[in-house]
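*Asks:* Have a peek at start_6.csv (CSV, C-alpha atoms).
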```csv
chain,number,residue,atom,x,y,z
G,1,MET,CA,-0.9,40.9,-41.1
G,2,ALA,CA,-2.4,37.8,-42.6
G,3,TRP,CA,-0.7,35.8,-39.9
G,4,LEU,CA,-3.0,37.5,-37.3
G,5,GLY,CA,-6.1,36.3,-39.2
G,6,LEU,CA,-4.6,32.8,-39.3
G,7,LEU,CA,-3.8,32.9,-35.6
G,8,SER,CA,-7.4,34.0,-34.8
G,9,LEU,CA,-8.7,31.1,-36.9
G,10,ILE,CA,-6.5,28.6,-35.0
G,11,LEU,CA,-7.6,30.0,-31.6
G,12,ALA,CA,-11.3,29.7,-32.7
G,13,LEU,CA,-10.8,26.1,-33.8
G,14,ALA,CA,-9.0,25.3,-30.5
G,15,ALA,CA,-11.9,26.9,-28.5
G,16,LEU,CA,-14.4,24.8,-30.5
G,17,THR,CA,-12.3,21.7,-29.9
G,18,VAL,CA,-12.2,22.4,-26.1
G,19,CYS,CA,-16.0,23.0,-26.1
G,20,ARG,CA,-16.7,19.7,-27.9
G,21,ALA,CA,-14.3,17.9,-25.5
G,22,GLN,CA,-16.2,19.3,-22.6
G,23,ARG,CA,-19.4,18.1,-24.1
G,24,ARG,CA,-18.0,14.6,-24.3
G,25,LEU,CA,-16.8,14.8,-20.7
G,26,PHE,CA,-20.1,16.2,-19.5
G,27,PRO,CA,-23.0,14.6,-21.6
G,28,SER,CA,-26.1,16.7,-22.0
G,29,SER,CA,-27.9,14.6,-19.4
G,30,LEU,CA,-25.3,15.7,-16.8
G,31,ARG,CA,-25.2,19.3,-17.8
G,32,GLU,CA,-28.9,19.9,-17.6
G,33,LYS,CA,-30.4,22.2,-15.0
G,34,SER,CA,-31.8,20.6,-11.9
G,35,ASP,CA,-35.4,19.4,-11.8
G,36,GLU,CA,-37.1,21.8,-9.4
G,37,SER,CA,-40.0,19.3,-8.9
G,38,VAL,CA,-37.7,16.6,-7.4
G,39,SER,CA,-37.9,16.8,-3.5
G,40,CYS,CA,-36.5,13.4,-2.4
G,41,PHE,CA,-34.2,10.6,-3.6
G,42,GLU,CA,-34.6,6.9,-4.1
G,43,GLY,CA,-32.2,4.1,-3.3
G,44,ILE,CA,-28.8,5.7,-2.9
G,45,GLY,CA,-29.7,8.7,-5.0
G,46,LEU,CA,-27.7,7.7,-8.1
G,47,HIS,CA,-30.3,9.4,-10.3
G,48,TYR,CA,-31.1,12.3,-8.1
G,49,ARG,CA,-31.4,15.5,-10.2
G,50,GLY,CA,-33.0,17.8,-7.7
G,51,PRO,CA,-32.0,21.4,-6.8
G,52,VAL,CA,-30.6,21.1,-3.3
G,53,SER,CA,-27.1,22.6,-3.1
G,54,LYS,CA,-26.4,22.7,0.7
G,55,SER,CA,-24.8,20.0,2.9
G,56,VAL,CA,-26.3,18.7,6.2
G,57,SER,CA,-24.1,21.3,8.0
G,58,GLY,CA,-25.8,24.1,6.1
G,59,ARG,CA,-22.7,24.9,4.0
G,60,GLU,CA,-23.0,25.9,0.3
G,61,CYS,CA,-21.9,23.2,-2.1
G,62,LEU,CA,-18.9,23.9,-4.4
G,63,GLU,CA,-19.2,23.6,-8.1
G,64,TRP,CA,-18.3,20.1,-9.1
G,65,ASP,CA,-16.1,21.2,-12.0
G,66,SER,CA,-14.4,24.1,-10.1
G,67,GLU,CA,-10.6,24.1,-10.1
G,68,SER,CA,-10.3,23.4,-6.3
G,69,VAL,CA,-12.7,20.4,-6.5
G,70,ARG,CA,-10.9,18.9,-9.5
G,71,GLU,CA,-7.7,18.7,-7.5
G,72,ILE,CA,-9.3,16.3,-4.9
G,73,ARG,CA,-12.3,14.6,-6.4
G,74,VAL,CA,-12.5,10.8,-6.0
G,75,TYR,CA,-14.7,9.9,-9.0
G,76,PRO,CA,-13.4,9.4,-12.5
G,77,ARG,CA,-13.0,12.6,-14.4
G,78,ASN,CA,-15.3,11.6,-17.3
G,79,LEU,CA,-18.1,10.8,-14.8
G,80,GLY,CA,-18.3,14.1,-13.1
G,81,PRO,CA,-21.7,15.6,-12.4
G,82,GLY,CA,-20.9,18.7,-14.5
G,83,ARG,CA,-20.8,22.5,-14.2
G,84,HIS,CA,-23.2,23.1,-11.3
G,85,ASP,CA,-23.2,22.9,-7.5
G,86,HIS,CA,-26.3,20.7,-6.9
G,87,CYS,CA,-26.0,17.6,-4.7
G,88,ARG,CA,-25.3,14.4,-6.6
G,89,ASN,CA,-23.9,10.9,-6.0
G,90,PRO,CA,-21.2,10.2,-8.6
G,91,ASP,CA,-19.3,7.6,-6.6
G,92,TYR,CA,-22.0,5.3,-5.2
G,93,SER,CA,-21.9,6.7,-1.7
G,94,ARG,CA,-24.9,6.1,0.6
G,95,ARG,CA,-26.8,9.2,-0.5
G,96,PRO,CA,-26.3,12.4,-2.5
G,97,TRP,CA,-23.5,14.7,-1.4
G,98,CYS,CA,-21.2,17.5,-2.4
G,99,TYR,CA,-17.9,19.1,-1.6
G,100,VAL,CA,-17.9,22.1,0.8
G,101,GLN,CA,-15.3,24.5,2.1
G,102,THR,CA,-14.5,24.3,5.8
G,103,ALA,CA,-11.8,25.7,8.0
G,104,PHE,CA,-9.9,22.5,7.5
G,105,GLY,CA,-10.1,22.6,3.7
G,106,ILE,CA,-12.5,21.1,1.2
G,107,VAL,CA,-14.4,18.1,2.4
G,108,LYS,CA,-17.1,15.8,1.2
G,109,GLU,CA,-20.5,16.1,3.1
G,110,ASP,CA,-23.8,14.4,2.8
G,111,CYS,CA,-26.7,16.6,1.7
G,112,ASP,CA,-29.9,17.2,3.7
G,113,ILE,CA,-32.3,15.6,1.3
G,114,PRO,CA,-35.2,13.3,2.5
G,115,ARG,CA,-35.5,9.8,1.1
G,116,CYS,CA,-38.5,9.1,-0.9
G,117,ALA,CA,-41.2,7.2,1.0
G,118,LYS,CA,-41.0,4.1,-1.1
G,119,ASP,CA,-38.7,2.9,-3.9
G,120,HIS,CA,-40.8,1.9,-6.8
G,121,GLY,CA,-41.1,-1.6,-8.3
G,122,TRP,CA,-39.4,-3.8,-5.8
G,123,GLN,CA,-41.3,-5.9,-3.2
G,124,CYS,CA,-39.0,-8.2,-1.2
G,125,GLY,CA,-39.5,-11.9,-0.5
G,126,GLN,CA,-41.6,-12.7,-3.6
G,127,ARG,CA,-40.8,-15.7,-5.8
G,128,GLU,CA,-42.1,-18.3,-8.2
G,129,GLU,CA,-43.2,-21.4,-6.3
G,130,ARG,CA,-42.6,-24.0,-9.0
G,131,SER,CA,-39.9,-26.5,-8.2
G,132,MET,CA,-37.7,-28.2,-10.6
G,133,LYS,CA,-27.7,-30.5,-3.9
G,134,VAL,CA,-26.4,-28.4,-0.7
G,135,VAL,CA,-25.7,-31.8,0.9
G,136,GLY,CA,-28.6,-34.2,0.3
G,137,GLY,CA,-30.7,-31.5,-1.2
G,138,ALA,CA,-32.3,-31.1,-4.6
G,139,LEU,CA,-31.7,-29.1,-7.8
G,140,SER,CA,-33.4,-25.7,-7.6
G,141,ALA,CA,-34.4,-23.2,-10.3
G,142,VAL,CA,-33.0,-19.7,-9.5
G,143,GLU,CA,-36.6,-18.4,-9.9
G,144,ARG,CA,-37.3,-20.1,-6.6
G,145,HIS,CA,-34.4,-18.2,-4.9
G,146,PRO,CA,-34.2,-15.0,-7.1
G,147,TRP,CA,-32.2,-13.2,-4.4
G,148,MET,CA,-29.3,-15.8,-4.7
G,149,ALA,CA,-26.0,-14.1,-5.5
G,150,ALA,CA,-22.8,-15.7,-6.7
G,151,VAL,CA,-19.6,-13.9,-5.7
G,152,PHE,CA,-16.4,-14.3,-7.8
G,153,SER,CA,-12.9,-13.1,-7.3
G,154,ARG,CA,-10.6,-12.2,-10.3
G,155,SER,CA,-6.9,-12.8,-10.5
G,156,SER,CA,-4.3,-13.4,-13.2
G,157,CYS,CA,-5.6,-17.0,-13.4
G,158,GLY,CA,-9.1,-15.9,-14.2
G,159,ARG,CA,-12.4,-15.7,-12.3
G,160,THR,CA,-13.0,-18.0,-9.3
G,161,PHE,CA,-16.2,-18.7,-7.5
G,162,THR,CA,-15.8,-17.5,-3.9
G,163,CYS,CA,-19.1,-17.5,-2.0
G,164,GLY,CA,-22.8,-17.1,-2.1
G,165,GLY,CA,-24.8,-14.1,-1.1
G,166,SER,CA,-28.3,-12.6,-1.0
G,167,LEU,CA,-29.7,-9.5,-2.7
G,168,ILE,CA,-31.3,-7.3,0.0
G,169,SER,CA,-31.8,-4.2,-2.1
G,170,PRO,CA,-31.1,-3.4,-5.8
G,171,CYS,CA,-27.6,-2.1,-5.0
G,172,TRP,CA,-26.6,-4.3,-2.0
G,173,VAL,CA,-25.7,-8.0,-1.4
G,174,LEU,CA,-25.3,-9.5,2.0
G,175,THR,CA,-22.8,-12.3,2.5
G,176,ALA,CA,-20.3,-13.7,5.0
G,177,ALA,CA,-17.2,-11.9,6.4
G,178,HIS,CA,-15.1,-15.0,6.3
G,179,CYS,CA,-15.4,-15.1,2.5
G,180,PHE,CA,-12.7,-12.4,2.4
G,181,PRO,CA,-9.6,-13.7,4.1
G,182,ASP,CA,-7.7,-10.5,3.3
G,183,GLY,CA,-10.2,-8.5,5.4
G,184,ALA,CA,-10.0,-4.8,5.0
G,185,GLN,CA,-7.2,-5.3,2.4
G,186,THR,CA,-9.6,-7.0,0.0
G,187,ARG,CA,-9.8,-5.0,-3.2
G,188,PRO,CA,-13.5,-4.6,-4.2
G,189,TYR,CA,-12.6,-4.0,-7.9
G,190,LYS,CA,-11.3,-7.6,-8.0
G,191,LEU,CA,-14.7,-8.9,-7.1
G,192,SER,CA,-17.8,-9.5,-9.3
G,193,VAL,CA,-21.3,-10.6,-8.5
G,194,PHE,CA,-23.8,-12.5,-10.6
G,195,LEU,CA,-27.5,-12.6,-10.0
G,196,GLY,CA,-30.0,-15.0,-11.6
G,197,LYS,CA,-27.3,-17.7,-12.0
G,198,ASN,CA,-28.5,-21.3,-12.2
G,199,ALA,CA,-25.0,-22.8,-12.8
G,200,ILE,CA,-21.6,-21.7,-11.8
G,201,ASN,CA,-19.8,-22.7,-15.0
G,202,GLU,CA,-22.6,-21.7,-17.4
G,203,THR,CA,-23.9,-18.4,-18.6
G,204,ASP,CA,-27.6,-17.7,-19.3
G,205,VAL,CA,-27.9,-14.2,-20.6
G,206,GLN,CA,-31.7,-14.3,-20.4
G,207,ARG,CA,-31.6,-14.8,-16.7
G,208,GLU,CA,-28.3,-13.4,-15.4
G,209,GLN,CA,-27.1,-10.0,-14.4
G,210,GLU,CA,-23.4,-9.2,-13.8
G,211,PHE,CA,-22.1,-6.5,-11.5
G,212,ARG,CA,-18.9,-5.0,-10.3
G,213,VAL,CA,-18.3,-4.3,-6.6
G,214,SER,CA,-17.6,-0.7,-5.6
G,215,GLU,CA,-17.5,-1.1,-1.9
G,216,LEU,CA,-17.1,-3.9,0.7
G,217,PHE,CA,-18.1,-3.6,4.4
G,218,ILE,CA,-16.9,-6.4,6.7
G,219,HIS,CA,-18.4,-6.2,10.2
G,220,GLU,CA,-16.0,-4.4,12.5
G,221,HIS,CA,-16.3,-7.1,15.2
G,222,PHE,CA,-15.8,-10.1,12.9
G,223,ASN,CA,-13.6,-12.5,14.9
G,224,ASN,CA,-12.4,-16.0,14.4
G,225,THR,CA,-10.2,-16.3,17.4
G,226,ASP,CA,-12.2,-19.1,18.8
G,227,GLY,CA,-12.8,-20.8,15.4
G,228,ASN,CA,-16.4,-19.8,15.3
G,229,TYR,CA,-16.6,-16.8,12.9
G,230,ASN,CA,-18.5,-14.5,15.3
G,231,ASN,CA,-20.2,-11.5,13.6
G,232,ASP,CA,-19.7,-13.3,10.2
G,233,ILE,CA,-21.4,-10.8,8.0
G,234,ALA,CA,-20.4,-8.5,5.2
G,235,LEU,CA,-22.0,-6.2,2.6
G,236,LEU,CA,-21.2,-5.6,-1.1
G,237,LYS,CA,-22.3,-2.6,-3.0
G,238,ILE,CA,-22.9,-3.5,-6.6
G,239,HIS,CA,-23.3,-1.8,-9.9
G,240,SER,CA,-23.3,-2.8,-13.6
G,241,PRO,CA,-20.8,-1.4,-16.2
G,242,ASP,CA,-23.5,1.2,-17.2
G,243,SER,CA,-23.7,2.3,-13.5
G,244,CYS,CA,-27.1,0.7,-12.8
G,245,CYS,CA,-28.0,-1.5,-9.9
G,246,ALA,CA,-30.0,-4.8,-10.2
G,247,LYS,CA,-33.1,-4.8,-12.3
G,248,GLU,CA,-36.1,-6.9,-11.1
G,249,SER,CA,-37.1,-9.9,-13.1
G,250,SER,CA,-38.4,-13.4,-12.5
G,251,SER,CA,-34.8,-14.6,-11.7
G,252,VAL,CA,-33.7,-11.4,-9.8
G,253,LYS,CA,-35.6,-10.2,-6.7
G,254,THR,CA,-34.7,-9.0,-3.2
G,255,VAL,CA,-35.2,-11.0,-0.1
G,256,CYS,CA,-36.7,-9.4,3.1
G,257,ILE,CA,-34.7,-8.7,6.2
G,258,PRO,CA,-36.4,-9.5,9.5
G,259,GLU,CA,-37.0,-6.9,12.2
G,260,ALA,CA,-34.3,-6.3,14.7
G,261,HIS,CA,-33.8,-9.3,17.0
G,262,GLN,CA,-36.8,-11.1,15.5
G,263,SER,CA,-36.7,-14.8,16.1
G,264,LEU,CA,-38.4,-18.0,15.0
G,265,SER,CA,-39.8,-20.8,17.0
G,266,ASP,CA,-37.8,-24.0,17.3
G,267,GLY,CA,-38.6,-26.5,14.5
G,268,THR,CA,-39.5,-23.8,12.0
G,269,SER,CA,-38.9,-25.1,8.5
G,270,CYS,CA,-36.5,-23.1,6.4
G,271,GLU,CA,-34.4,-23.4,3.2
G,272,VAL,CA,-30.7,-23.1,2.6
G,273,THR,CA,-29.4,-22.7,-1.0
G,274,GLY,CA,-25.9,-22.7,-2.6
G,275,TYR,CA,-23.5,-23.9,-5.2
G,276,GLY,CA,-21.3,-25.8,-2.7
G,277,ARG,CA,-20.1,-29.4,-2.3
G,278,GLU,CA,-22.8,-32.0,-2.4
G,279,GLN,CA,-21.2,-34.1,0.3
G,280,GLU,CA,-18.3,-33.8,2.7
G,281,GLY,CA,-14.9,-34.9,1.2
G,282,LEU,CA,-15.7,-34.0,-2.4
G,283,TRP,CA,-13.0,-31.8,-4.0
G,284,TYR,CA,-15.4,-30.0,-6.4
G,285,TYR,CA,-18.4,-27.8,-5.9
G,286,SER,CA,-21.8,-28.5,-7.4
G,287,GLN,CA,-22.2,-26.8,-10.7
G,288,TYR,CA,-25.9,-26.1,-10.2
G,289,LEU,CA,-27.9,-24.2,-7.6
G,290,ARG,CA,-29.2,-26.6,-5.0
G,291,GLU,CA,-31.6,-26.2,-2.1
G,292,ALA,CA,-32.3,-28.1,1.1
G,293,LYS,CA,-35.0,-27.9,3.8
G,294,VAL,CA,-33.8,-27.6,7.3
G,295,SER,CA,-35.4,-26.9,10.7
G,296,MET,CA,-34.4,-24.3,13.3
G,297,LEU,CA,-32.8,-25.6,16.4
G,298,SER,CA,-33.0,-24.0,19.8
G,299,GLN,CA,-30.0,-22.0,21.1
G,300,ASP,CA,-29.9,-24.0,24.2
G,301,LEU,CA,-29.6,-27.3,22.3
G,302,CYS,CA,-27.0,-26.0,19.8
G,303,SER,CA,-24.8,-24.6,22.6
G,304,SER,CA,-25.0,-27.8,24.7
G,305,LYS,CA,-22.0,-29.9,25.2
G,306,ALA,CA,-23.3,-32.6,22.9
G,307,TYR,CA,-23.4,-30.0,20.0
G,308,TYR,CA,-21.1,-27.0,19.8
G,309,GLY,CA,-20.9,-25.8,23.5
G,310,ASN,CA,-19.7,-22.3,24.0
G,311,LYS,CA,-18.7,-21.8,20.4
G,312,ILE,CA,-22.3,-20.7,19.8
G,313,THR,CA,-22.9,-17.0,20.5
G,314,ASP,CA,-26.1,-14.9,20.5
G,315,ASN,CA,-25.1,-13.8,16.9
G,316,MET,CA,-25.6,-17.3,15.5
G,317,LEU,CA,-28.5,-19.6,14.5
G,318,CYS,CA,-28.3,-23.4,14.1
G,319,ALA,CA,-30.4,-25.4,11.6
G,320,ALA,CA,-30.4,-29.0,10.4
G,321,SER,CA,-32.7,-31.7,9.1
G,322,PRO,CA,-34.2,-34.1,11.7
G,323,ASP,CA,-32.3,-37.1,10.3
G,324,TRP,CA,-29.0,-35.1,9.6
G,325,SER,CA,-29.3,-36.0,5.9
G,326,VAL,CA,-29.1,-32.4,4.5
G,327,ASP,CA,-26.9,-29.5,5.4
G,328,ALA,CA,-24.9,-26.6,4.0
G,329,CYS,CA,-21.3,-27.5,3.1
G,330,LYS,CA,-18.0,-26.0,1.9
G,331,GLY,CA,-18.8,-23.5,-0.9
G,332,ASP,CA,-22.2,-22.5,0.4
G,333,SER,CA,-20.6,-19.9,2.7
G,334,GLY,CA,-22.3,-16.5,2.5
G,335,GLY,CA,-25.5,-17.9,1.0
G,336,PRO,CA,-29.0,-17.6,2.4
G,337,LEU,CA,-31.0,-19.4,5.0
G,338,VAL,CA,-34.6,-18.2,4.3
G,339,CYS,CA,-37.8,-18.8,6.0
G,340,ARG,CA,-41.4,-17.9,5.0
G,341,VAL,CA,-43.3,-15.5,7.2
G,342,ARG,CA,-46.8,-14.3,6.3
G,343,GLU,CA,-46.4,-15.2,2.6
G,344,ARG,CA,-43.1,-13.5,2.2
G,345,VAL,CA,-39.6,-14.9,2.3
G,346,PHE,CA,-37.1,-13.5,4.9
G,347,LEU,CA,-33.4,-13.9,5.2
G,348,PHE,CA,-32.8,-15.2,8.8
G,349,GLY,CA,-29.4,-16.6,8.4
G,350,VAL,CA,-26.1,-16.3,6.4
G,351,VAL,CA,-24.2,-19.6,5.9
G,352,SER,CA,-21.3,-19.4,8.2
G,353,TRP,CA,-19.7,-22.6,9.5
G,354,GLY,CA,-20.1,-26.1,10.9
G,355,GLU,CA,-18.0,-29.1,11.6
G,356,GLY,CA,-18.1,-31.3,8.5
G,357,CYS,CA,-21.3,-31.6,6.5
G,358,SER,CA,-24.4,-33.5,7.6
G,359,ARG,CA,-22.6,-34.9,10.7
G,360,PRO,CA,-25.0,-35.9,13.5
G,361,PHE,CA,-25.1,-33.3,16.4
G,362,HIS,CA,-23.1,-30.9,14.2
G,363,PRO,CA,-25.7,-28.7,12.5
G,364,GLY,CA,-25.1,-25.8,10.2
G,365,VAL,CA,-24.3,-22.5,11.9
G,366,TYR,CA,-25.6,-19.2,10.4
G,367,ALA,CA,-25.0,-15.6,11.2
G,368,LYS,CA,-28.2,-14.3,12.8
G,369,VAL,CA,-29.3,-11.6,10.4
G,370,SER,CA,-31.9,-10.0,12.7
G,371,ASN,CA,-29.1,-9.0,15.0
G,372,TYR,CA,-27.6,-6.8,12.3
G,373,GLN,CA,-30.5,-4.8,11.0
G,374,ARG,CA,-29.3,-1.6,12.4
G,375,TRP,CA,-25.7,-2.2,11.1
G,376,ILE,CA,-27.1,-3.0,7.6
G,377,LEU,CA,-29.2,0.2,7.6
G,378,GLU,CA,-26.2,2.3,8.8
G,379,LYS,CA,-23.8,0.9,6.2
G,380,THR,CA,-26.2,1.0,3.2
G,381,GLY,CA,-27.9,4.3,4.1
G,382,LEU,CA,-31.2,2.6,3.3
G,383,SER,CA,-34.2,3.9,5.3
G,384,SER,CA,-35.8,0.5,5.6
G,385,LEU,CA,-35.4,-3.1,4.4
G,386,GLY,CA,-38.6,-4.6,3.0
```
Written as structure tokens, that's how I'd like the structure from this file.
*Replies:*
Amino acid sequence: MAWLGLLSLILALAALTVCRAQRRLFPSSLREKSDESVSCFEGIGLHYRGPVSKSVSGRECLEWDSESVREIRVYPRNLGPGRHDHCRNPDYSRRPWCYVQTAFGIVKEDCDIPRCAKDHGWQCGQREERSMKVVGGALSAVERHPWMAAVFSRSSCGRTFTCGGSLISPCWVLTAAHCFPDGAQTRPYKLSVFLGKNAINETDVQREQEFRVSELFIHEHFNNTDGNYNNDIALLKIHSPDSCCAKESSSVKTVCIPEAHQSLSDGTSCEVTGYGREQEGLWYYSQYLREAKVSMLSQDLCSSKAYYGNKITDNMLCAASPDWSVDACKGDSGGPLVCRVRERVFLFGVVSWGEGCSRPFHPGVYAKVSNYQRWILEKTGLSSLG
């Protein structure tokens, strides 16, 4: 019966192989017991390891590696949370969640976990004030605009610069809806985002951070029927190849978001930054980040017949230089219009549209960010911005 002994040995080796394979699939850090001292989550809860195992509806969470969950789960198999039923966030959702059994089958539900009072480390709207073209503007060091993001799209022809953006939290970039002509059909995995970038065609590994895009939210009421890009705003959820969000540095920081419907007085001096064309008619973009100072214009003036008339809605801001010498231009879309308020820098506008570049009586038009604070909080799941 020697063959029985041989069979036993083969089965034992097979079991050992399976065990080792499971350890590879579920690293020790993911198989650890929950930390009973953790009572809240930070950011979107990517690193939450607390003990909660109930959804907001009070249902018990299913084990992540159960047979029934494995049939429907949406995250990659080798990134599963492991053999437990605690709330986690393996797919970059807005907060920790789990699968639960309902009368309609197994569904994904958020967990009832409070957000920590304050994320550590980040304070929005801070920058280095040292100086070093946006049309008519000047070269700018990214440390002066450390929230500046560069959005690229990938295709079979390579990577192409698409739009600017602004880092509003470690995992989220705010940009313009019109940057994505395919709308809801846009594939986030074909987008990438760079932070800390001084030059479009150059790479500075000491400054830059590169990210993939896991989710894209385009405002539901974005509309260009009248040629004016109403509700021209979008959000990108970013993460690095090692599943981290942005890390704060001198060249990467968040910009503050103004309170809901907060406005500035006419004539307030602000700055617009981007990698776009230096003047109307040029076929190429500026290689380097540029900035320009502009002043806020009143809504009444910008919507007058001499300017843009009824193309201007309450969701828009207008800004220009007094002599019309500087302006945002093609390629600056999605980038930031920032203004200093009480020693911090706030994102009041997103570069949207305008007729030409630096044309008299045709100022730059920006999405009015303060109108979208609630929408931003809803889509990101953040408790506050600032």
*Asks:* Quick one: residues within 7 Å of Asp232 (chain G), only C-alpha atoms, excluding same-chain residues fewer than 4 positions away - as a PDB file with C-alpha atoms, in the coordinates of the input?
*Replies:*
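That gives us out.pdb:
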```pdb
ATOM      1  CA  ALA G 176     -20.300 -13.700   5.000  1.00  0.00           C
ATOM      2  CA  ALA G 177     -17.200 -11.900   6.400  1.00  0.00           C
ATOM      3  CA  HIS G 178     -15.100 -15.000   6.300  1.00  0.00           C
ATOM      4  CA  PHE G 222     -15.800 -10.100  12.900  1.00  0.00           C
ATOM      5  CA  SER G 352     -21.300 -19.400   8.200  1.00  0.00           C
ATOM      6  CA  ALA G 367     -25.000 -15.600  11.200  1.00  0.00           C
TER       7      ALA G 367
END
```
*Asks:* Residues of region 75-186 of chain G that have any atom at most 7 Å from an atom of region 57-69 of chain G: could you tabulate them with the shortest-distance atom pair and the distance in Å to one decimal, using only C-alpha atoms, ordered by chain and increasing number, as CSV?
*Replies:*
```
residue,atom,partner,partner_atom,distance
G:Pro81,CA,G:Trp64,CA,6.5
G:Gly82,CA,G:Asp65,CA,6.0
G:Arg83,CA,G:Asp65,CA,5.3
G:His84,CA,G:Glu63,CA,5.1
G:Asp85,CA,G:Glu63,CA,4.1
G:His86,CA,G:Cys61,CA,7.0
G:Cys98,CA,G:Cys61,CA,5.8
G:Tyr99,CA,G:Leu62,CA,5.6
G:Val100,CA,G:Cys61,CA,5.1
```
*Asks:* What is the distance, in Å and to one decimal place, between CA of His261 (chain G) and CA of Cys245 (chain G)?
*Replies:*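 Calculated distance between CA of His261 (chain G) and CA of Cys245 (chain G) is 28.6 Å.
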*Asks:* Mind pulling up the distance from CA of Thr186 (chain G) to CA of Pro363 (chain G)?
*Replies:* 29.8 Å
*Asks:* Which residues come within 10 Å of Asn371 (chain G), counting all atoms listed in the file, excluding same-chain residues fewer than 4 positions away, as a list in words?
*Replies:*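 Counting all atoms listed in the file, the residues come to Asn231, Pro258, Glu259, Ala260, His261, Gln262, Ser263, Asp314, Asn315, Met316, Phe348, Ala367, Trp375 and Ile376 of chain G.
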*Asks:* If you measure from CA of Ser304 (chain G) to CA of Cys318 (chain G), what distance in Å do you get, rounded to one decimal?
*Replies:*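 Answer for the CA of Ser304 (chain G) to CA of Cys318 (chain G) separation: 11.9 Å.
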*Asks:* How would you write as a ChimeraX atom specification the residues that get within 9 Å of (-36.6, 8.4, -1.3) in the file's frame, counting all atoms listed in the file?
*Replies:* /G:39-45,113-119,383
*Asks:* Skip Leu337 (chain G) itself and residues of its chain fewer than 3 positions away, then list as JSON, numbers by chain all residues within 9 Å of it, counting only C-alpha atoms.
*Replies:* {"G": [270, 271, 272, 273, 294, 319, 346, 347, 348, 349, 350, 351, 366]}
*Asks:* So, with only C-alpha atoms as the atoms that count, which of G:Glu248, G:Glu220, G:Asp266, G:Asp323 lies closest to Ser298 (chain G)?
*Replies:* G:Asp266
*Asks:* For Thr380 (chain G), which of G:Pro188, G:Gly183, G:Pro170, G:Gly196 is the closest residue, counting all atoms listed in the file?
*Replies:*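 Looking only at the distances to Thr380 (chain G), the closest residue turns out to be G:Pro170.
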*Asks:* Between G:Cys124, G:Ile233, G:Cys157, G:Leu317, which residue has the minimum interatomic distance to Val255 (chain G), considering all atoms listed in the file?
*Replies:*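 The shortest atom-to-atom distance to Val255 (chain G) comes from G:Cys124.
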*Asks:* Just give me the residues with any atom within 8 Å of (-37.9, 19.6, -9.0), file coordinates, counting all atoms listed in the file, written as a list of chain:residue names.
*Replies:*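 The answer, in the requested form, is G:Ser34, G:Asp35, G:Glu36, G:Ser37, G:Val38, G:Ser39, G:Arg49, G:Gly50, G:Pro51.
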*Asks:* Between G:Arg95, G:Arg342, G:Lys253, G:Arg212, which one has atoms that come closest to Ser166 (chain G), using all atoms listed in the file?
*Replies:*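 Of G:Arg95, G:Arg342, G:Lys253, G:Arg212, the one nearest Ser166 (chain G) is G:Lys253, counting all atoms listed in the file.
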*Asks:* Looking at G:Gly165, G:Pro146, G:Gly105, G:Pro322, which one is nearest to Arg207 (chain G), with distances taken over all atoms listed in the file?
*Replies:*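 The shortest atom-to-atom distance to Arg207 (chain G) comes from G:Pro146.
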*Asks:* When distances are computed from only C-alpha atoms, which of G:Gly354, G:Glu343, G:Gly381, G:Leu235 shows the smallest separation from Gly125 (chain G)?
*Replies:* G:Glu343
*Asks:* Could N, CA, C and O atoms be built for region 102-108 of chain G and written out as a PDB file, keeping the file's coordinate frame?
*Replies:*
```
ATOM      1  N   THR G 102     -14.495  24.147   4.325  1.00  0.00           N
ATOM      2  CA  THR G 102     -14.500  24.300   5.800  1.00  0.00           C
ATOM      3  C   THR G 102     -13.158  24.917   6.207  1.00  0.00           C
ATOM      4  O   THR G 102     -12.260  25.137   5.389  1.00  0.00           O
ATOM      5  N   ALA G 103     -13.043  25.170   7.525  1.00  0.00           N
ATOM      6  CA  ALA G 103     -11.800  25.700   8.000  1.00  0.00           C
ATOM      7  C   ALA G 103     -10.631  24.793   7.864  1.00  0.00           C
ATOM      8  O   ALA G 103      -9.461  25.208   7.910  1.00  0.00           O
ATOM      9  N   PHE G 104     -10.944  23.507   7.668  1.00  0.00           N
ATOM     10  CA  PHE G 104      -9.900  22.500   7.500  1.00  0.00           C
ATOM     11  C   PHE G 104      -9.662  22.116   6.040  1.00  0.00           C
ATOM     12  O   PHE G 104      -8.971  21.154   5.741  1.00  0.00           O
ATOM     13  N   GLY G 105     -10.284  22.859   5.155  1.00  0.00           N
ATOM     14  CA  GLY G 105     -10.100  22.600   3.700  1.00  0.00           C
ATOM     15  C   GLY G 105     -11.412  22.106   3.103  1.00  0.00           C
ATOM     16  O   GLY G 105     -12.502  22.178   3.707  1.00  0.00           O
ATOM     17  N   ILE G 106     -11.318  21.602   1.900  1.00  0.00           N
ATOM     18  CA  ILE G 106     -12.500  21.100   1.200  1.00  0.00           C
ATOM     19  C   ILE G 106     -12.762  19.679   1.582  1.00  0.00           C
ATOM     20  O   ILE G 106     -11.866  18.826   1.549  1.00  0.00           O
ATOM     21  N   VAL G 107     -13.996  19.407   1.997  1.00  0.00           N
ATOM     22  CA  VAL G 107     -14.400  18.100   2.400  1.00  0.00           C
ATOM     23  C   VAL G 107     -15.671  17.645   1.765  1.00  0.00           C
ATOM     24  O   VAL G 107     -16.425  18.467   1.253  1.00  0.00           O
ATOM     25  N   LYS G 108     -15.919  16.347   1.792  1.00  0.00           N
ATOM     26  CA  LYS G 108     -17.100  15.800   1.200  1.00  0.00           C
ATOM     27  C   LYS G 108     -18.183  15.679   2.349  1.00  0.00           C
ATOM     28  O   LYS G 108     -17.903  15.147   3.430  1.00  0.00           O
TER      29      LYS G 108
END
```
